[in-house]
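Dumped query-v8.pdb below, it's PDB, C-alpha atoms, pLDDT in the B column:
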```pdb
ATOM      1  CA  CYS A   1    -110.959 -15.668 -18.996  1.00 67.00           C
ATOM      2  CA  PHE A   2    -108.742 -13.165 -17.274  1.00 77.00           C
ATOM      3  CA  ALA A   3    -106.109 -14.561 -14.933  1.00 79.00           C
ATOM      4  CA  GLU A   4    -107.543 -12.339 -12.193  1.00 80.00           C
ATOM      5  CA  ALA A   5    -110.827 -14.241 -12.430  1.00 83.00           C
ATOM      6  CA  GLY A   6    -109.526 -17.790 -12.657  1.00 86.00           C
ATOM      7  CA  GLY A   7    -106.474 -17.461 -10.478  1.00 89.00           C
ATOM      8  CA  PRO A   8    -103.079 -19.105 -10.683  1.00 87.00           C
ATOM      9  CA  GLY A   9    -104.447 -22.637 -10.261  1.00 90.00           C
ATOM     10  CA  SER A  10    -106.466 -22.524 -13.466  1.00 93.00           C
ATOM     11  CA  ARG A  11    -105.415 -23.969 -16.792  1.00 93.00           C
ATOM     12  CA  TYR A  12    -105.458 -21.341 -19.530  1.00 93.00           C
ATOM     13  CA  VAL A  13    -105.766 -22.388 -23.149  1.00 94.00           C
ATOM     14  CA  ASP A  14    -106.148 -20.783 -26.538  1.00 93.00           C
ATOM     15  CA  PRO A  15    -109.935 -20.400 -26.881  1.00 92.00           C
ATOM     16  CA  HIS A  16    -109.585 -20.592 -30.659  1.00 96.00           C
ATOM     17  CA  SER A  17    -107.764 -23.917 -30.582  1.00 97.00           C
ATOM     18  CA  PRO A  18    -109.935 -27.002 -30.101  1.00 97.00           C
ATOM     19  CA  GLU A  19    -106.740 -29.049 -29.847  1.00 97.00           C
ATOM     20  CA  SER A  20    -105.449 -26.898 -26.983  1.00 96.00           C
ATOM     21  CA  ILE A  21    -108.765 -27.161 -25.146  1.00 97.00           C
ATOM     22  CA  ALA A  22    -108.964 -30.934 -25.672  1.00 97.00           C
ATOM     23  CA  GLU A  23    -105.383 -31.465 -24.509  1.00 97.00           C
ATOM     24  CA  ALA A  24    -105.974 -29.483 -21.313  1.00 97.00           C
ATOM     25  CA  ILE A  25    -109.175 -31.413 -20.570  1.00 97.00           C
ATOM     26  CA  LYS A  26    -107.445 -34.760 -21.158  1.00 98.00           C
ATOM     27  CA  GLU A  27    -104.528 -33.785 -18.931  1.00 97.00           C
ATOM     28  CA  ILE A  28    -106.733 -32.627 -16.061  1.00 97.00           C
ATOM     29  CA  ILE A  29    -109.022 -35.657 -16.284  1.00 96.00           C
ATOM     30  CA  SER A  30    -106.171 -38.158 -16.429  1.00 97.00           C
ATOM     31  CA  ASP A  31    -103.853 -36.612 -13.806  1.00 97.00           C
ATOM     32  CA  HIS A  32    -105.437 -37.043 -10.382  1.00 97.00           C
ATOM     33  CA  ALA A  33    -102.635 -35.177  -8.563  1.00 97.00           C
ATOM     34  CA  LEU A  34    -102.888 -32.208 -10.946  1.00 97.00           C
ATOM     35  CA  ARG A  35    -106.670 -32.119 -10.594  1.00 96.00           C
ATOM     36  CA  LYS A  36    -106.410 -32.223  -6.790  1.00 96.00           C
ATOM     37  CA  LYS A  37    -103.786 -29.452  -6.816  1.00 96.00           C
ATOM     38  CA  MET A  38    -105.954 -27.284  -9.095  1.00 95.00           C
ATOM     39  CA  ILE A  39    -109.016 -27.782  -6.898  1.00 95.00           C
ATOM     40  CA  GLN A  40    -107.091 -26.796  -3.769  1.00 95.00           C
ATOM     41  CA  ALA A  41    -105.558 -23.741  -5.468  1.00 94.00           C
ATOM     42  CA  GLY A  42    -108.999 -22.712  -6.697  1.00 93.00           C
ATOM     43  CA  ARG A  43    -110.507 -22.965  -3.241  1.00 92.00           C
ATOM     44  CA  GLU A  44    -107.698 -20.909  -1.749  1.00 92.00           C
ATOM     45  CA  TYR A  45    -107.965 -18.295  -4.484  1.00 92.00           C
ATOM     46  CA  VAL A  46    -111.743 -17.933  -4.271  1.00 89.00           C
ATOM     47  CA  SER A  47    -111.537 -17.333  -0.508  1.00 88.00           C
ATOM     48  CA  ARG A  48    -110.081 -13.909  -1.365  1.00 85.00           C
ATOM     49  CA  PHE A  49    -113.512 -12.942  -2.669  1.00 85.00           C
ATOM     50  CA  SER A  50    -115.590 -13.860   0.386  1.00 89.00           C
ATOM     51  CA  PRO A  51    -117.770 -11.109   1.849  1.00 92.00           C
ATOM     52  CA  HIS A  52    -115.546 -11.016   4.948  1.00 91.00           C
ATOM     53  CA  ALA A  53    -112.342 -10.647   2.898  1.00 88.00           C
ATOM     54  CA  ALA A  54    -113.894  -7.947   0.702  1.00 88.00           C
ATOM     55  CA  ALA A  55    -115.146  -6.004   3.738  1.00 92.00           C
ATOM     56  CA  SER A  56    -111.749  -6.288   5.397  1.00 92.00           C
ATOM     57  CA  SER A  57    -110.030  -4.929   2.275  1.00 91.00           C
ATOM     58  CA  ILE A  58    -112.429  -1.993   2.086  1.00 93.00           C
ATOM     59  CA  ILE A  59    -111.897  -1.179   5.759  1.00 94.00           C
ATOM     60  CA  ASP A  60    -108.124  -1.225   5.203  1.00 93.00           C
ATOM     61  CA  ILE A  61    -108.503   1.203   2.298  1.00 94.00           C
ATOM     62  CA  TYR A  62    -110.567   3.582   4.438  1.00 93.00           C
ATOM     63  CA  LYS A  63    -108.045   3.369   7.293  1.00 92.00           C
ATOM     64  CA  LYS A  64    -105.206   4.238   4.929  1.00 92.00           C
ATOM     65  CA  ALA A  65    -107.188   7.146   3.501  1.00 92.00           C
ATOM     66  CA  VAL A  66    -108.000   8.527   6.964  1.00 91.00           C
ATOM     67  CA  HIS A  67    -104.502   8.090   8.341  1.00 88.00           C
ATOM     68  CA  GLY A  68    -102.755   9.203   5.162  1.00 76.00           C
ATOM     69  CA  ALA A  69    -100.708   6.053   4.832  1.00 60.00           C
TER      70      ALA A  69
END
```

Kindly present the structure from the file in structure tokens form.
Amino acid sequence: CFAEAGGPGSRYVDPHSPESIAEAIKEIISDHALRKKMIQAGREYVSRFSPHAAASSIIDIYKKAVHGA
């Protein structure tokens, strides 16, 4: 997974290392505070991709192109 897709609140592991994957799963399952923090970060990150946010970004690009900024 690319960091751009998962965001900064995701846990990245070596996909070729079952030990790395298992350790990350164990840590997230057993640490309630970490899990809660990751969920909140994920929700905040995904909001960047809402239709409203995407439309707003496109409008800003067009405004910059028209005004030469």

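Going from atom CA of Ala55 of chain A to atom CA of Met38 of chain A covers 26.5 Å.
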
- [ ] Excluding segment 7-16 of chain A and residues on its chain fewer than 3 positions from it, collect all residues at most 9 Å away from it, counting only C-alpha atoms, and give them as a ChimeraX atom specification.
- [x] /A:1-4,19-21,24,28,37-42,45-46

TODO: Just give me the gap between atom CA of Phe49 of chain A and atom CA of Leu34 of chain A in Å, one decimal is fine.
DONE: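 It comes out at 23.5 Å.
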
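Separating atom CA of Ser56 of chain A from atom CA of Gly6 of chain A is a distance of 21.5 Å.
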